[in-house]
Amino acid sequence: MDQGKAVSVQDSLKTDTKKWIQLKINNHEKKLEVDPTTRLVDLLRNEFKLTGTKISCGIGRCGACSVMINGSLVNACLVMAYQINNASITTIEGVAEDSSLHPIQQAFLEEGGFQCGYCTPGMIMAVKSLVNETLNPTDEQIQLALSGNLCRCTGYGGIIRAVKRVIAERVII
Amino acid sequence: MQKNQEFYKNRRRIRPDGKAKVTGSLSYLTDLSFSNMLYGKILRSSYPHAIIKSINTDHAEKLYGVKAIITHKDIPGLNRFGIVTPDQPVLCEEHVRYVGDAIAAVAAVSVEIAEKALELIKVEYEVLPILDSPEKSLEKDAPKLHPEGNILHKAGFKTGDMEAGFAKAAAIVEETYQVPRQMHAYMETEGGVIVPEKDGAITVYVGTQHGYKDRFQLSRILDIPEEKIRIVSSPMGGSFGGKDELNIQPYGAVLALVSGCPVKIHQTRKESLIAGLKRHPMKITMKTGVDSEGRILANQVNIIADTGAYATLGPAILDFSVEHAAGPYMIPNMVTEGISVFTNNGVSGEFRGFGGNQVTFALEGQIDRLAEKIGMDPNELRRRNIRKVDDPGPLGHRIAPTNGAYEVLEAINKKLTIKTNQLKDSPPNDKWKVRGIGTAITMHGGGLGYGRLDPAGGRISLSEKGKIEIAFGFEEAGQGILGVIETIVTEELGCAPEDLSIVIGDTALVPSSGSTTASRGTSMVWHALQRMKGAFEQQILNKASAITSVSVSQMQLGRGGVFSITKANSYALLLTYDEIAKQINENETIVVSTNFDFPTTPDPVDGGHFLYTFGAVLAQVEIDLLTGKVKVIDLDQSIAAGPVVSTMGYIGQIEGGGVMSLGYTLMEDALMEGGKYITENLDSYLIPSILDVPFSMDTEAIEQLVEGDPYGPRGVGEIGTVAVAPAIAKAIHHAIGYWPTRLPISSEEILFASSQRRQRQWIKVRQ
């Protein structure tokens with residue numbers, strides 16, 4: 001498919017307020033001039049073409065845009081460019097190690113943890129954050145950790161099975 | 001899940017689209033970008049009902065970065081859309097009938113500039129009285145929303161002598177049930193990119209549930225031949241019926257043609273909520289009588305549906321409700337009357353369950369109330385009225401023989417006994433928590449029904465690249481049609497997944513297969529393969545035989561290519577598919593196509609279905625008496641829909657459908673006041689989160705069909721949503737003795753009902 005370069009959101013603003021920021025995205029150093037109030041989700045999707053981070057509600061309710069900033073889970077629709085200067089950001093594109101799938105991704109595949117897949121990147125980021133922080137999460141901890149990520153397809157059954165599998169296989173990330 | 005029958009060997013495959021989904025590398029159509037791409041925004045009406053006096057775009061046109069502004073004057077062809085009846089203006093000329101009505105659209109170099117331009121468009125309105133309920137629209141002097149008036153459709157069914165039935169009844173229950181305006185809430189809101197091509201052609205990269213239908217509608221709107229329009233409609237981040245009708249396509253297409261640039265439109269959640277379809281709110285009154293033995297003697301049903309401003313599939317949805325008003329029961333005397341009424345409340349339309357969910361909440365509610373009234377176990381009452389294998393369908397029409405109704409009833413009853421005993425043995429140890437269990441059953445027709453164009457088809461070929469190319473005009477919205485196609489084709493042909501190239505969702509590449517709706521995809525893929533596989537195998541083997549001189553009878557298709565089966569127990573690869581493809585000369589093809597219709601009843605009953613699925617639901621609730629909060633702790637389903645094709649897909653549909661209806665029952669309502677939405681995003685329109693659902697759910701598949709059934713696996717996209725609400729309502733009654741009649745059931749009413757009940761007990765004690 002012919003996918004050329006998008007017209008940048010920033011290009012059109014014609015303001016003099018742009019600032020240089022530098023940050024790491026999936027361990028790659030980046031430096032760019034950007035309007036300080038640009039949302040992180042737009043930066044990721046439009047500037048860096050990292051479209052794995054999705055946008056669904058735009059108000060921090062659904063978690064489709066979940067990414068990690070310095071290891072902490074956040075909604076990328078609620079973060080602005082000025083807040084991420086010198087930060088290290090991990091998106092879904094940075095989860096798989098080398099060319100092989102991360103065990104969480106593998107579990108989602110094998111347990112039916114997704115259907116349409118639109119919540120999946122954010123959901124996987126939330127699961128990664130959970131297993132990073134909690135060695136052996138209880139059912140309640142699983143529910144709390146994923147309560148900010150909405151899925152309309154699965155009813156969460158497959159997602160819960162995937163998370164349980166990740167935990168059962170004692171995969172330490 | 002139980003394994004009742006081995007249908008296919010490997011039913012637990014990883015979906016072909018899985019890896020791209022879990023890595024985030026899958027490009028949804030809203031992720032695409034093209035060079036010189038503009039961003040489109042649509043100006044919707046400020047009022048739910050008004051006359052447009054003037055539209056002034058002068059100021060907006062001068063804004064730097066604006067490349068195109070369109071109003072109704074810019075629509076080249078028919079300024080209307082609608083799958084069956086084109087009654088919805090693409091861009092309103094004069095009359096606006098709901099807050100989602102579009103008046104103008106802008107393409108600009110950025111989203112921000114397009115939004116700013118919308119603010120600069122001046123529209124003068126003359127506000128009209130708002131018809132915000134069907135009752136208001138039906139008043140004698142109500143303003144007419146459409147030239148023919150405010151009634152979209154009437155439907156009815158009559159059998160036997162209803163009054164005579166009621167005269168003999170030992171108990172009669174009459175109740176009015178009200179159901180809400182549910183939003184599909186697909187995670188990916190409507191959007192995509194429309195790209196102008198050479199010679200006035202366009203490519204539309206926008207999700208839909210029937211690419212060819214979009215092409216037909218856009219051809220009419222743009223006044224360009226269908227052949228010049230290519231629809232790429234897959235993948236989608238969910239649809240559930242909500243993207244079946246056109247949404248942003250016409251605006252993107254006209255803007256692209258006017259500006260000469262690709263135009264991307266991706267609606268925000270708020271824009272999606274305001275413009276998008278919803279499930280029909282209905283008010284259903286049922287009067288039902290039984291004799292002392294629990295036999296249903298008569299049922300009188302009255303349905304009023306709020307269809308909103310435009311038709312879309314409103315008539316078919318009402319027909320479906322009328323058809324399913326008897327459910328899986330044999331009711332000798334029945335009168336059903338339905339009316340679907342235009343209002344200024346949004347647009348109601350196609351949504352998973354298609355009118356079945358509403359009427360099943362009422363019908364199963366009646367069964368439970370009647371059982372209580374005559375002191376009978378509700379499932380015993382169901383058993384005494386349940387349809388048998390060869391009984392006619394709910395409109396008295398012939399249907400494919402099935403014992404599904406009885407099977408799901410018995411299956412759920414077993415689960416009920418077990419859960420009831422468990423609850424008795426270990427009640428909650430919190431005195432402010434009470435639990436209850438309820439069950440409900442339903443039947444649900446697949447396909448579009450008698451008298452409706454419902455064609456299906458597919459194509460299988462050996463491609464130049466040596467792949468077995470299987471092509472259908474279906475879309476992947478998340479339901480798993482790609483996994484279904486891979487399973488069916490590899491199992492039927494014996495080839496490997498790597499041998500396949502699956503092509504869907506692109507009118508330039510696929511044959512027409514009809515719509516990806518009405519639980520028809522799985523069923524139609526299976527039917528198509530039954531029709532095509534023999535001829536396809538024959539063509540490949542003939543070619544292999546011509547190359548190798550081995551007799552056709554001594555070869556078969558396998559993983560990677562054609563195998564020789566010359567000697568006993570020997571199974572050797574003779575030719576790979578690639579080798580065969582390389583030997584195909586110019587005037588030769590290996591391709592088989594099929595066209596057929598979804599099976600319908602032989603009886604001329606409009607909309608009557610032929611293939612039905614059956615579902616039974618067990619819900620257990622825990623009610624917090626201090627807050628009125630209802631928590632569903634069990635949501636188990638028994639489903640009879642023929643053989644399972646894909647285990648994960650099947651369970652996912654039933655669990656996911658069940659939870660969607662849990663939301664319908666307890667949480668979801670797109671609230672409107674005076675024709676305007678009050679809930680505008682997912683912070684006020686709440687859908688179930690992981691904290692709102694049972695931590696584990698059980699799906700039981702009853703796969704056995706009646707002997708000799710030739711129709712194969714049925715689709716399960718909808719059945720898991722249909723009987724959830726009445727099961728939860730019954731569980732609430734079991735817990736606190738209160739019958740909910742209105743969805744979503746609120747904490748306030750539960751708190752009120754349970755405190756009333758405790759008060760009564762207290763008064764009793766005091767006396």
# chains A, B, ... in the order shown; residues from 1 in each chain; ligands from 1

call {"tool": "select_by_dssp", "arguments": {"residues": "region 3-130 of chain A", "states": "strand (DSSP E)", "output": "ChimeraX atom specification"}}
result
/A:19-25,28-34,66-69,72-75,88-90

call {"tool": "write_last_selection", "arguments": {"atoms": "N, CA and C atoms", "output": "PDB file, in the first residue's frame"}}
result
ATOM      1  N   LYS A  19       9.431  24.121  20.751  1.00  0.00           N
ATOM      2  CA  LYS A  19      10.591  23.905  21.608  1.00  0.00           C
ATOM      3  C   LYS A  19      11.275  22.600  21.209  1.00  0.00           C
ATOM      4  N   TRP A  20      12.566  22.579  21.439  1.00  0.00           N
ATOM      5  CA  TRP A  20      13.298  21.333  21.196  1.00  0.00           C
ATOM      6  C   TRP A  20      13.153  20.418  22.412  1.00  0.00           C
ATOM      7  N   ILE A  21      12.828  19.184  22.154  1.00  0.00           N
ATOM      8  CA  ILE A  21      12.862  18.206  23.251  1.00  0.00           C
ATOM      9  C   ILE A  21      13.675  17.009  22.785  1.00  0.00           C
ATOM     10  N   GLN A  22      14.257  16.339  23.770  1.00  0.00           N
ATOM     11  CA  GLN A  22      14.899  15.078  23.406  1.00  0.00           C
ATOM     12  C   GLN A  22      14.384  13.992  24.321  1.00  0.00           C
ATOM     13  N   LEU A  23      14.263  12.828  23.740  1.00  0.00           N
ATOM     14  CA  LEU A  23      13.694  11.721  24.504  1.00  0.00           C
ATOM     15  C   LEU A  23      14.138  10.397  23.876  1.00  0.00           C
ATOM     16  N   LYS A  24      13.884   9.337  24.630  1.00  0.00           N
ATOM     17  CA  LYS A  24      14.167   8.010  24.092  1.00  0.00           C
ATOM     18  C   LYS A  24      12.834   7.342  23.809  1.00  0.00           C
ATOM     19  N   ILE A  25      12.687   6.817  22.604  1.00  0.00           N
ATOM     20  CA  ILE A  25      11.490   6.035  22.312  1.00  0.00           C
ATOM     21  C   ILE A  25      11.942   4.623  21.953  1.00  0.00           C
ATOM     22  N   HIS A  28      15.557   4.284  21.411  1.00  0.00           N
ATOM     23  CA  HIS A  28      16.211   5.070  20.366  1.00  0.00           C
ATOM     24  C   HIS A  28      16.168   6.543  20.757  1.00  0.00           C
ATOM     25  N   GLU A  29      17.309   7.188  20.691  1.00  0.00           N
ATOM     26  CA  GLU A  29      17.369   8.619  21.012  1.00  0.00           C
ATOM     27  C   GLU A  29      16.671   9.428  19.919  1.00  0.00           C
ATOM     28  N   LYS A  30      15.842  10.371  20.345  1.00  0.00           N
ATOM     29  CA  LYS A  30      15.152  11.229  19.382  1.00  0.00           C
ATOM     30  C   LYS A  30      15.281  12.674  19.846  1.00  0.00           C
ATOM     31  N   LYS A  31      15.351  13.552  18.867  1.00  0.00           N
ATOM     32  CA  LYS A  31      15.373  14.973  19.179  1.00  0.00           C
ATOM     33  C   LYS A  31      14.458  15.654  18.179  1.00  0.00           C
ATOM     34  N   LEU A  32      13.537  16.481  18.658  1.00  0.00           N
ATOM     35  CA  LEU A  32      12.679  17.146  17.695  1.00  0.00           C
ATOM     36  C   LEU A  32      12.160  18.463  18.228  1.00  0.00           C
ATOM     37  N   GLU A  33      11.762  19.308  17.278  1.00  0.00           N
ATOM     38  CA  GLU A  33      11.192  20.597  17.626  1.00  0.00           C
ATOM     39  C   GLU A  33       9.682  20.453  17.557  1.00  0.00           C
ATOM     40  N   VAL A  34       9.022  20.809  18.631  1.00  0.00           N
ATOM     41  CA  VAL A  34       7.610  20.463  18.717  1.00  0.00           C
ATOM     42  C   VAL A  34       6.863  21.510  19.527  1.00  0.00           C
ATOM     43  N   SER A  66      -2.214   3.488  26.089  1.00  0.00           N
ATOM     44  CA  SER A  66      -1.273   3.245  27.187  1.00  0.00           C
ATOM     45  C   SER A  66       0.148   3.030  26.682  1.00  0.00           C
ATOM     46  N   VAL A  67       1.067   3.769  27.270  1.00  0.00           N
ATOM     47  CA  VAL A  67       2.498   3.569  27.015  1.00  0.00           C
ATOM     48  C   VAL A  67       3.205   3.685  28.368  1.00  0.00           C
ATOM     49  N   MET A  68       4.505   3.441  28.375  1.00  0.00           N
ATOM     50  CA  MET A  68       5.245   3.641  29.612  1.00  0.00           C
ATOM     51  C   MET A  68       6.168   4.836  29.474  1.00  0.00           C
ATOM     52  N   ILE A  69       6.150   5.670  30.495  1.00  0.00           N
ATOM     53  CA  ILE A  69       7.139   6.742  30.581  1.00  0.00           C
ATOM     54  C   ILE A  69       8.033   6.423  31.769  1.00  0.00           C
ATOM     55  N   SER A  72       6.683   3.754  33.965  1.00  0.00           N
ATOM     56  CA  SER A  72       5.346   3.866  34.556  1.00  0.00           C
ATOM     57  C   SER A  72       4.281   3.942  33.475  1.00  0.00           C
ATOM     58  N   LEU A  73       3.183   3.249  33.711  1.00  0.00           N
ATOM     59  CA  LEU A  73       2.093   3.211  32.737  1.00  0.00           C
ATOM     60  C   LEU A  73       1.329   4.538  32.725  1.00  0.00           C
ATOM     61  N   VAL A  74       1.137   5.108  31.539  1.00  0.00           N
ATOM     62  CA  VAL A  74       0.363   6.351  31.423  1.00  0.00           C
ATOM     63  C   VAL A  74      -0.518   6.287  30.173  1.00  0.00           C
ATOM     64  N   ASN A  75      -1.524   7.154  30.158  1.00  0.00           N
ATOM     65  CA  ASN A  75      -2.323   7.341  28.952  1.00  0.00           C
ATOM     66  C   ASN A  75      -1.655   8.417  28.103  1.00  0.00           C
ATOM     67  N   SER A  88      12.125   8.479  28.933  1.00  0.00           N
ATOM     68  CA  SER A  88      12.269   7.262  28.143  1.00  0.00           C
ATOM     69  C   SER A  88      10.888   6.628  27.989  1.00  0.00           C
ATOM     70  N   ILE A  89      10.488   6.473  26.744  1.00  0.00           N
ATOM     71  CA  ILE A  89       9.121   6.009  26.465  1.00  0.00           C
ATOM     72  C   ILE A  89       9.168   4.627  25.822  1.00  0.00           C
ATOM     73  N   THR A  90       8.305   3.751  26.330  1.00  0.00           N
ATOM     74  CA  THR A  90       8.173   2.432  25.710  1.00  0.00           C
ATOM     75  C   THR A  90       6.771   2.302  25.150  1.00  0.00           C
TER      76      THR A  90
END

call {"tool": "closest_atom_pairs", "arguments": {"of": "chain B", "to": "chain A", "cutoff": "7 Å", "atoms": "only C-alpha atoms", "output": "tab-separated table"}}
result
residue	atom	partner	partner_atom	distance
B:Ile14	CA	A:Glu110	CA	6.1
B:Gly18	CA	A:Leu109	CA	6.0
B:Lys21	CA	A:Gly117	CA	5.3
B:Val22	CA	A:Gln105	CA	5.5
B:Thr23	CA	A:Glu93	CA	6.2
B:Gly24	CA	A:Gly52	CA	4.0
B:Ser25	CA	A:Gly52	CA	6.0
B:Asp31	CA	A:Thr51	CA	6.1
B:Leu32	CA	A:Gln3	CA	6.7
B:Ser33	CA	A:Ala6	CA	5.3
B:Phe34	CA	A:Gly4	CA	4.4
B:Ser35	CA	A:Gly4	CA	4.5
B:Asn36	CA	A:Val7	CA	6.4
B:Met37	CA	A:Ala6	CA	6.1
B:Val109	CA	A:Ser12	CA	6.6
B:Ser110	CA	A:Val9	CA	5.5
B:Ala185	CA	A:Arg152	CA	6.9
B:Tyr186	CA	A:Arg152	CA	6.3
B:Met187	CA	A:Ser56	CA	5.6
B:Glu188	CA	A:Ser56	CA	5.9
B:Thr189	CA	A:Ser56	CA	6.6
B:Met236	CA	A:Cys116	CA	6.7
B:Gly237	CA	A:Cys116	CA	4.8
B:Gly238	CA	A:Cys116	CA	5.5
B:Arg269	CA	A:Cys57	CA	5.3
B:Ala477	CA	A:Cys116	CA	5.8
B:Gly478	CA	A:Cys116	CA	3.3
B:Gln479	CA	A:Gln115	CA	6.1
B:Gly480	CA	A:Gln115	CA	6.8
B:Met648	CA	A:Gly112	CA	5.7
B:Gly652	CA	A:Thr154	CA	5.4
B:Glu655	CA	A:Gly155	CA	5.5
B:Gly656	CA	A:Gly155	CA	4.0
B:Val659	CA	A:Gly155	CA	5.0
B:Asn681	CA	A:Cys57	CA	6.6
B:Leu682	CA	A:Arg61	CA	6.4
B:Asp683	CA	A:Arg61	CA	6.2
B:Ser689	CA	A:Leu150	CA	5.7
B:Ile690	CA	A:Ser147	CA	5.6
B:Leu691	CA	A:Gln143	CA	5.8
B:Ser696	CA	A:Gly157	CA	6.3
B:Met697	CA	A:Gly157	CA	6.9

call {"tool": "select_by_dssp", "arguments": {"residues": "region 72-102 of chain A", "states": "helix (DSSP H, G or I)", "output": "JSON, numbers by chain"}}
result
{"A": [76, 77, 78, 81, 82, 83, 84, 92, 93, 94]}

call {"tool": "residues_around", "arguments": {"residues": "Ala518 (chain B)", "least_positions_apart": "3", "cutoff": "7 Å", "atoms": "only C-alpha atoms", "output": "list in words"}}
result
Gly446, Gly447 and Leu448 of chain B

call {"tool": "closest_residue", "arguments": {"among": "B:Ala108, B:Val510, B:Val341, B:Ile52", "to": "Ser259 (chain B)", "atoms": "only C-alpha atoms"}}
result
B:Ala108

call {"tool": "closest_residue", "arguments": {"among": "B:Gly191, B:Gly615, B:Ser234, B:His609", "to": "Leu409 (chain B)", "atoms": "only C-alpha atoms"}}
result
B:Gly615

call {"tool": "residues_around", "arguments": {"residues": "region 76-80 of chain A", "least_positions_apart": "3", "cutoff": "6 Å", "atoms": "only C-alpha atoms", "output": "PyMOL selection string"}}
result
chain A and resi 37-41+58+65-66+83
